[in-house]
file model-v2.pdb (PDB, C-alpha atoms and all ligand atoms)
ATOM      1  CA  ILE A 546      10.564  38.546   1.087
ATOM      2  CA  LYS A 547       7.687  39.458  -1.132
ATOM      3  CA  ARG A 548       6.904  37.769  -4.427
ATOM      4  CA  MET A 549       5.102  39.507  -7.277
ATOM      5  CA  LYS A 550       1.853  37.588  -7.498
ATOM      6  CA  ASN A 551       0.591  36.530 -10.922
ATOM      7  CA  ILE A 552       3.519  38.156 -12.681
ATOM      8  CA  ALA A 553       6.019  36.548 -15.024
ATOM      9  CA  VAL A 554       8.986  38.477 -16.376
ATOM     10  CA  SER A 555      10.898  37.182 -19.373
ATOM     11  CA  ARG A 556      14.251  38.277 -20.734
ATOM     12  CA  PRO A 557      15.519  37.330 -24.199
ATOM     13  CA  ILE A 558      18.824  35.535 -24.659
ATOM     14  CA  ILE A 559      20.698  33.982 -27.538
ATOM     15  CA  TYR A 560      22.746  30.853 -27.034
ATOM     16  CA  GLY A 561      24.656  28.485 -29.242
ATOM     17  CA  ASN A 562      27.959  28.099 -31.020
ATOM     18  CA  SER A 563      30.070  29.042 -33.979
ATOM     19  CA  ALA A 564      32.798  26.827 -35.409
ATOM     20  CA  THR A 565      35.573  27.258 -37.964
ATOM     21  CA  PRO A 566      37.573  24.443 -39.534
ATOM     22  CA  LEU A 567      41.266  24.567 -38.716
ATOM     23  CA  ASN A 568      42.038  23.389 -42.264
ATOM     24  CA  GLY A 569      45.256  21.783 -41.217
ATOM     25  CA  LYS A 570      46.365  24.706 -39.077
ATOM     26  CA  LYS A 571      48.433  23.264 -36.256
ATOM     27  CA  VAL A 572      47.083  23.392 -32.723
ATOM     28  CA  THR A 573      48.211  21.517 -29.619
ATOM     29  CA  ASP A 574      46.313  18.325 -30.533
ATOM     30  CA  PRO A 575      46.744  17.006 -34.107
ATOM     31  CA  ASP A 576      43.326  15.284 -33.951
ATOM     32  CA  HIS A 577      41.538  18.589 -33.584
ATOM     33  CA  THR A 578      39.718  19.792 -36.689
ATOM     34  CA  HIS A 579      37.787  22.864 -35.538
ATOM     35  CA  ARG A 580      37.936  25.918 -33.364
ATOM     36  CA  TRP A 581      34.607  26.719 -31.714
ATOM     37  CA  THR A 582      32.977  29.149 -29.327
ATOM     38  CA  ILE A 583      29.844  28.516 -27.300
ATOM     39  CA  SER A 584      28.113  31.492 -25.736
ATOM     40  CA  VAL A 585      25.108  32.904 -23.945
ATOM     41  CA  ARG A 586      24.432  36.549 -24.710
ATOM     42  CA  GLY A 587      21.812  39.224 -24.936
ATOM     43  CA  VAL A 588      19.985  40.223 -28.074
ATOM     44  CA  ASN A 589      21.996  42.915 -29.904
ATOM     45  CA  ASN A 590      24.794  42.057 -27.491
ATOM     46  CA  GLU A 591      22.858  43.621 -24.635
ATOM     47  CA  ASP A 592      24.583  43.068 -21.276
ATOM     48  CA  ILE A 593      22.778  40.270 -19.412
ATOM     49  CA  SER A 594      24.927  40.353 -16.285
ATOM     50  CA  TYR A 595      22.323  42.370 -14.377
ATOM     51  CA  PHE A 596      20.319  39.161 -13.959
ATOM     52  CA  ILE A 597      22.851  36.422 -14.781
ATOM     53  CA  LYS A 598      25.582  35.957 -12.184
ATOM     54  CA  LYS A 599      27.495  33.166 -13.906
ATOM     55  CA  VAL A 600      27.142  30.510 -16.578
ATOM     56  CA  ALA A 601      28.429  26.956 -16.244
ATOM     57  CA  PHE A 602      29.158  25.102 -19.479
ATOM     58  CA  LYS A 603      29.503  21.331 -19.041
ATOM     59  CA  LEU A 604      31.586  20.056 -21.953
ATOM     60  CA  HIS A 605      32.147  16.470 -23.119
ATOM     61  CA  ASP A 606      34.260  14.430 -20.710
ATOM     62  CA  THR A 607      37.020  14.155 -23.307
ATOM     63  CA  TYR A 608      37.887  17.753 -22.381
ATOM     64  CA  GLU A 609      40.152  18.667 -19.508
ATOM     65  CA  ASN A 610      38.163  20.326 -16.718
ATOM     66  CA  PRO A 611      34.871  19.841 -18.603
ATOM     67  CA  ASN A 612      32.937  22.067 -16.210
ATOM     68  CA  ARG A 613      33.739  25.624 -17.296
ATOM     69  CA  VAL A 614      32.284  28.311 -15.083
ATOM     70  CA  ILE A 615      32.255  31.837 -16.510
ATOM     71  CA  GLU A 616      31.754  34.493 -13.845
ATOM     72  CA  LYS A 617      31.418  37.574 -16.029
ATOM     73  CA  PRO A 618      30.500  38.547 -19.578
ATOM     74  CA  PRO A 619      31.112  37.566 -22.218
ATOM     75  CA  PHE A 620      29.653  34.263 -21.036
ATOM     76  CA  GLU A 621      31.471  32.059 -23.514
ATOM     77  CA  VAL A 622      33.982  29.250 -23.909
ATOM     78  CA  SER A 623      36.322  28.819 -26.859
ATOM     79  CA  GLU A 624      38.072  25.536 -27.561
ATOM     80  CA  THR A 625      39.376  23.351 -30.319
ATOM     81  CA  GLY A 626      38.207  19.797 -30.893
ATOM     82  CA  TRP A 627      37.228  17.061 -33.301
ATOM     83  CA  GLY A 628      33.641  16.127 -32.477
ATOM     84  CA  GLU A 629      30.125  17.352 -31.879
ATOM     85  CA  PHE A 630      28.454  16.763 -28.515
ATOM     86  CA  ASP A 631      25.748  18.068 -26.212
ATOM     87  CA  VAL A 632      26.683  20.924 -23.925
ATOM     88  CA  ILE A 633      24.762  21.439 -20.687
ATOM     89  CA  ILE A 634      24.459  25.148 -19.972
ATOM     90  CA  LYS A 635      23.461  26.188 -16.487
ATOM     91  CA  LEU A 636      22.396  29.784 -15.903
ATOM     92  CA  HIS A 637      22.947  31.031 -12.354
ATOM     93  CA  PHE A 638      21.115  34.143 -11.229
ATOM     94  CA  HIS A 639      22.071  36.710  -8.616
ATOM     95  CA  PRO A 640      21.408  35.530  -5.047
ATOM     96  CA  VAL A 641      18.972  38.423  -4.472
ATOM     97  CA  SER A 642      16.649  36.731  -6.991
ATOM     98  CA  GLY A 643      16.190  33.568  -4.938
ATOM     99  CA  GLU A 644      15.906  31.820  -8.316
ATOM    100  CA  LYS A 645      17.152  28.290  -8.874
ATOM    101  CA  PRO A 646      19.582  27.836 -11.780
ATOM    102  CA  GLN A 647      18.006  27.130 -15.169
ATOM    103  CA  THR A 648      19.430  24.544 -17.532
ATOM    104  CA  LEU A 649      19.717  24.769 -21.320
ATOM    105  CA  TYR A 650      20.997  22.149 -23.724
ATOM    106  CA  HIS A 651      22.897  22.849 -26.899
ATOM    107  CA  HIS A 652      24.234  20.431 -29.469
ATOM    108  CA  LEU A 653      27.651  21.805 -30.384
ATOM    109  CA  LYS A 654      27.659  21.973 -34.156
ATOM    110  CA  LEU A 655      30.856  21.751 -36.189
ATOM    111  CA  HIS A 656      29.706  20.517 -39.577
ATOM    112  CA  PRO A 657      27.532  22.260 -42.159
ATOM    113  CA  TYR A 658      24.603  20.297 -43.623
ATOM    114  CA  GLU A 659      26.046  20.546 -47.107
ATOM    115  CA  GLU A 660      29.536  20.625 -48.470
ATOM    116  CA  ASP A 661      30.505  23.805 -50.239
ATOM    117  CA  GLY A 662      31.282  24.035 -53.954
ATOM    118  CA  LEU A 663      34.777  22.700 -53.480
ATOM    119  CA  GLY A 664      33.479  19.564 -51.824
ATOM    120  CA  ILE A 665      35.326  20.548 -48.710
ATOM    121  CA  LYS A 666      33.589  21.278 -45.454
ATOM    122  CA  SER A 667      35.613  24.409 -44.998
ATOM    123  CA  LYS A 668      32.967  26.963 -44.139
ATOM    124  CA  PRO A 669      32.358  28.399 -40.695
ATOM    125  CA  VAL A 670      29.176  27.112 -39.078
ATOM    126  CA  THR A 671      26.838  28.835 -36.670
ATOM    127  CA  SER A 672      24.018  27.370 -34.623
ATOM    128  CA  TYR A 673      22.250  29.884 -32.402
ATOM    129  CA  LEU A 674      18.863  29.827 -30.761
ATOM    130  CA  TYR A 675      16.756  32.691 -29.483
ATOM    131  CA  ASP A 676      15.109  31.908 -26.163
ATOM    132  CA  GLU A 677      13.546  33.624 -23.205
ATOM    133  CA  VAL A 678      14.428  33.205 -19.554
ATOM    134  CA  VAL A 679      11.187  33.314 -17.600
ATOM    135  CA  PHE A 680      10.909  34.302 -13.949
ATOM    136  CA  ASN A 681       7.581  33.374 -12.414
ATOM    137  CA  GLU A 682       6.433  35.498  -9.504
ATOM    138  CA  PRO A 683       9.895  37.018  -8.946
ATOM    139  CA  VAL A 684      10.759  38.473  -5.542
ATOM    140  CA  ASP A 685      10.096  42.210  -5.512
ATOM    141  CA  THR A 686      13.749  43.286  -5.191
ATOM    142  CA  PHE A 687      14.710  41.191  -8.210
ATOM    143  CA  TYR A 688      11.637  42.418 -10.072
ATOM    144  CA  GLN A 689      12.913  46.005  -9.592
ATOM    145  CA  ILE A 690      16.314  45.066 -10.991
ATOM    146  CA  LEU A 691      14.680  43.422 -14.006
ATOM    147  CA  GLN A 692      12.553  46.494 -14.702
ATOM    148  CA  GLU A 693      15.401  48.979 -14.297
ATOM    149  CA  ASN A 694      17.522  47.306 -16.966
TER     150      ASN A 694
HETATM  151  C1  LIG B   1      31.659  11.362 -30.570
HETATM  152  N1  LIG B   1      29.720  12.179 -29.427
HETATM  153  O1  LIG B   1      31.850  10.311 -29.913
HETATM  154  C2  LIG B   1      31.003  12.505 -29.885
HETATM  155  C3  LIG B   1      31.873  13.005 -28.804
HETATM  156  C4  LIG B   1      33.676  14.552 -28.280
HETATM  157  C5  LIG B   1      34.550  15.578 -28.859
HETATM  158  C6  LIG B   1      32.733  14.048 -29.321
HETATM  159  C7  LIG B   1      37.796  16.567 -27.348
HETATM  160  C8  LIG B   1      38.972  17.389 -27.643
HETATM  161  C9  LIG B   1      40.093  17.096 -26.716
HETATM  162  C10 LIG B   1      36.698  16.593 -28.399
HETATM  163  O2  LIG B   1      36.724  17.199 -29.446
HETATM  164  N2  LIG B   1      35.677  15.816 -28.037
HETATM  165  O3  LIG B   1      40.865  16.214 -27.077
HETATM  166  O4  LIG B   1      40.218  17.730 -25.699
HETATM  167  O5  LIG B   1      31.954  11.477 -31.729
END
call {"tool": "encode", "arguments": {"input": "model-v2.pdb", "output": "structure tokens"}}
result
Amino acid sequence: IKRMKNIAVSRPIIYGNSATPLNGKKVTDPDHTHRWTISVRGVNNEDISYFIKKVAFKLHDTYENPNRVIEKPPFEVSETGWGEFDVIIKLHFHPVSGEKPQTLYHHLKLHPYEEDGLGIKSKPVTSYLYDEVVFNEPVDTFYQILQEN
């Protein structure tokens, strides 16, 4: 295998969550107050599966099967719940890359900073971050794949 010396390739991603209050809507668990979705995606919804093989989302241990592995896009998990917590997001790359997984952290956000005019926290919330996945001195075969997409 040949590595590309003195070259770093970066690819933009967006990760984070949206959340909507259930506002009393009945779901399986009466304690649950919100529906939320956490995701990793490309900018302008660009397909990122040419370099990402799978994404593992480690949820709070209060969830059943807290380790959710998503093998194809969209790389996202939707759930209902009652509380905010830190999600560990592990990006796995295609074996050809020889890259180790990279870990991201996201604080799942359910509550807006301010109440709305009605004094009810009834608005949907979003918390997304733009980031770049950096590959230092990628192997040449993976470098080709990155350039072709
Ligand atoms: C807290 N740090 O203690 C937080 C933890 C965990 C939220 C919040 C579980 C839902 C389910 C859920 O919403 N957990 O019952 O599966 O406040």
call {"tool": "axis_aligned_box", "arguments": {"input": "model-v2.pdb", "around": "ligand LIG 1 (chain B)", "padding_each_side": "3 Å", "output": "lines of an AutoDock Vina configuration file"}}
result
center_x = 35.3
center_y = 14.0
center_z = -28.7
size_x = 17.1
size_y = 13.4
size_z = 12.0
call {"tool": "residues_around", "arguments": {"input": "model-v2.pdb", "residues": "Val585 in chain A", "least_positions_apart": "5", "cutoff": "12 Å", "atoms": "all atoms listed in the file", "output": "VMD selection string"}}
result
chain A and resid 557 to 563 590 to 594 597 599 to 602 615 617 to 622 633 to 637 648 to 651 673 to 678
call {"tool": "residues_around", "arguments": {"input": "model-v2.pdb", "residues": "Lys547 in chain A", "least_positions_apart": "6", "cutoff": "12 Å", "atoms": "all atoms listed in the file", "output": "MDAnalysis selection string"}}
result
chainID A and resid 641:643 682:689
call {"tool": "closest_atom_pairs", "arguments": {"input": "model-v2.pdb", "of": "chain A", "to": "ligand LIG 1 (chain B)", "cutoff": "9 Å", "atoms": "only C-alpha atoms and all ligand atoms", "output": "Markdown table"}}
result
| residue | atom | partner | partner_atom | distance |
| --- | --- | --- | --- | --- |
| A:Asp574 | CA | B:LIG1 | O3 | 6.8 |
| A:Asp576 | CA | B:LIG1 | O3 | 7.4 |
| A:His577 | CA | B:LIG1 | O2 | 6.5 |
| A:Thr578 | CA | B:LIG1 | O2 | 8.3 |
| A:His579 | CA | B:LIG1 | O2 | 8.4 |
| A:Leu604 | CA | B:LIG1 | N2 | 8.5 |
| A:His605 | CA | B:LIG1 | C4 | 5.7 |
| A:Asp606 | CA | B:LIG1 | N2 | 7.6 |
| A:Thr607 | CA | B:LIG1 | C7 | 4.8 |
| A:Tyr608 | CA | B:LIG1 | O4 | 4.1 |
| A:Glu609 | CA | B:LIG1 | O4 | 6.3 |
| A:Glu624 | CA | B:LIG1 | C8 | 8.2 |
| A:Thr625 | CA | B:LIG1 | C8 | 6.5 |
| A:Gly626 | CA | B:LIG1 | O2 | 3.3 |
| A:Trp627 | CA | B:LIG1 | O2 | 3.9 |
| A:Gly628 | CA | B:LIG1 | C5 | 3.8 |
| A:Glu629 | CA | B:LIG1 | C6 | 4.9 |
| A:Phe630 | CA | B:LIG1 | N1 | 4.8 |
| A:Asp631 | CA | B:LIG1 | N1 | 7.8 |
call {"tool": "atom_distance", "arguments": {"input": "model-v2.pdb", "atom1": "CA of Lys570 in chain A", "atom2": "CA of Lys654 in chain A"}}
result
19.5 Å
call {"tool": "closest_residue", "arguments": {"input": "model-v2.pdb", "among": "A:Lys603, A:Gly587, A:Phe596, A:Pro575", "to": "Phe680 in chain A", "atoms": "all atoms listed in the file"}}
result
A:Phe596
call {"tool": "atom_distance", "arguments": {"input": "model-v2.pdb", "atom1": "CA of Asn694 in chain A", "atom2": "CA of Thr582 in chain A"}}
result
26.9 Å
call {"tool": "atom_distance", "arguments": {"input": "model-v2.pdb", "atom1": "CA of Thr573 in chain A", "atom2": "CA of Tyr658 in chain A"}}
result
27.5 Å
call {"tool": "closest_residue", "arguments": {"input": "model-v2.pdb", "among": "A:Val632, A:Pro657, A:Val679, A:Arg613", "to": "Lys645 in chain A", "atoms": "only C-alpha atoms"}}
result
A:Val679
call {"tool": "residues_near_point", "arguments": {"input": "model-v2.pdb", "point": "(30.5, 21.7, -41.0)", "cutoff": "7 Å", "atoms": "only C-alpha atoms", "output": "PDB file with C-alpha atoms, in the frame of the given file"}}
result
ATOM      1  CA  LEU A 655      30.856  21.751 -36.189  1.00  0.00           C
ATOM      2  CA  HIS A 656      29.706  20.517 -39.577  1.00  0.00           C
ATOM      3  CA  PRO A 657      27.532  22.260 -42.159  1.00  0.00           C
ATOM      4  CA  TYR A 658      24.603  20.297 -43.623  1.00  0.00           C
ATOM      5  CA  LYS A 666      33.589  21.278 -45.454  1.00  0.00           C
ATOM      6  CA  LYS A 668      32.967  26.963 -44.139  1.00  0.00           C
ATOM      7  CA  PRO A 669      32.358  28.399 -40.695  1.00  0.00           C
ATOM      8  CA  VAL A 670      29.176  27.112 -39.078  1.00  0.00           C
TER       9      VAL A 670
END
call {"tool": "closest_residue", "arguments": {"input": "model-v2.pdb", "among": "A:Met549, A:Tyr595, A:Leu567, A:Pro640", "to": "Leu691 in chain A", "atoms": "only C-alpha atoms"}}
result
A:Tyr595
call {"tool": "closest_residue", "arguments": {"input": "model-v2.pdb", "among": "A:Arg586, A:Arg580, A:Ser623, A:Glu644", "to": "Asn681 in chain A", "atoms": "only C-alpha atoms"}}
result
A:Glu644
call {"tool": "closest_residue", "arguments": {"input": "model-v2.pdb", "among": "A:Thr671, A:Glu616, A:Asn568, A:Arg556", "to": "Lys598 in chain A", "atoms": "all atoms listed in the file"}}
result
A:Glu616
call {"tool": "build_atoms", "arguments": {"input": "model-v2.pdb", "residues": "range 630-643 of chain A", "atoms": "N, CA and C atoms", "output": "PDB file, in the frame of the given file"}}
result
ATOM      1  N   PHE A 630      29.001  17.371 -29.746  1.00  0.00           N
ATOM      2  CA  PHE A 630      28.454  16.763 -28.515  1.00  0.00           C
ATOM      3  C   PHE A 630      27.464  17.724 -27.880  1.00  0.00           C
ATOM      4  N   ASP A 631      26.728  17.227 -26.894  1.00  0.00           N
ATOM      5  CA  ASP A 631      25.748  18.068 -26.212  1.00  0.00           C
ATOM      6  C   ASP A 631      26.400  18.811 -25.053  1.00  0.00           C
ATOM      7  N   VAL A 632      26.168  20.102 -25.016  1.00  0.00           N
ATOM      8  CA  VAL A 632      26.683  20.924 -23.925  1.00  0.00           C
ATOM      9  C   VAL A 632      25.522  21.229 -22.977  1.00  0.00           C
ATOM     10  N   ILE A 633      25.760  21.050 -21.689  1.00  0.00           N
ATOM     11  CA  ILE A 633      24.762  21.439 -20.687  1.00  0.00           C
ATOM     12  C   ILE A 633      25.136  22.838 -20.196  1.00  0.00           C
ATOM     13  N   ILE A 634      24.213  23.750 -20.344  1.00  0.00           N
ATOM     14  CA  ILE A 634      24.459  25.148 -19.972  1.00  0.00           C
ATOM     15  C   ILE A 634      23.585  25.482 -18.771  1.00  0.00           C
ATOM     16  N   LYS A 635      24.225  25.872 -17.688  1.00  0.00           N
ATOM     17  CA  LYS A 635      23.461  26.188 -16.487  1.00  0.00           C
ATOM     18  C   LYS A 635      23.580  27.676 -16.193  1.00  0.00           C
ATOM     19  N   LEU A 636      22.430  28.361 -16.196  1.00  0.00           N
ATOM     20  CA  LEU A 636      22.396  29.784 -15.903  1.00  0.00           C
ATOM     21  C   LEU A 636      22.183  29.984 -14.409  1.00  0.00           C
ATOM     22  N   HIS A 637      23.090  30.714 -13.780  1.00  0.00           N
ATOM     23  CA  HIS A 637      22.947  31.031 -12.354  1.00  0.00           C
ATOM     24  C   HIS A 637      22.575  32.498 -12.228  1.00  0.00           C
ATOM     25  N   PHE A 638      21.600  32.778 -11.389  1.00  0.00           N
ATOM     26  CA  PHE A 638      21.115  34.143 -11.229  1.00  0.00           C
ATOM     27  C   PHE A 638      21.647  34.744  -9.929  1.00  0.00           C
ATOM     28  N   HIS A 639      21.548  36.054  -9.808  1.00  0.00           N
ATOM     29  CA  HIS A 639      22.071  36.710  -8.616  1.00  0.00           C
ATOM     30  C   HIS A 639      21.303  36.235  -7.382  1.00  0.00           C
ATOM     31  N   PRO A 640      22.024  36.053  -6.271  1.00  0.00           N
ATOM     32  CA  PRO A 640      21.408  35.530  -5.047  1.00  0.00           C
ATOM     33  C   PRO A 640      20.147  36.293  -4.634  1.00  0.00           C
ATOM     34  N   VAL A 641      20.128  37.620  -4.840  1.00  0.00           N
ATOM     35  CA  VAL A 641      18.972  38.423  -4.472  1.00  0.00           C
ATOM     36  C   VAL A 641      17.683  37.892  -5.110  1.00  0.00           C
ATOM     37  N   SER A 642      17.824  37.199  -6.247  1.00  0.00           N
ATOM     38  CA  SER A 642      16.649  36.731  -6.991  1.00  0.00           C
ATOM     39  C   SER A 642      15.964  35.551  -6.306  1.00  0.00           C
ATOM     40  N   GLY A 643      16.735  34.782  -5.521  1.00  0.00           N
ATOM     41  CA  GLY A 643      16.190  33.568  -4.938  1.00  0.00           C
ATOM     42  C   GLY A 643      15.823  32.522  -5.978  1.00  0.00           C
TER      43      GLY A 643
END
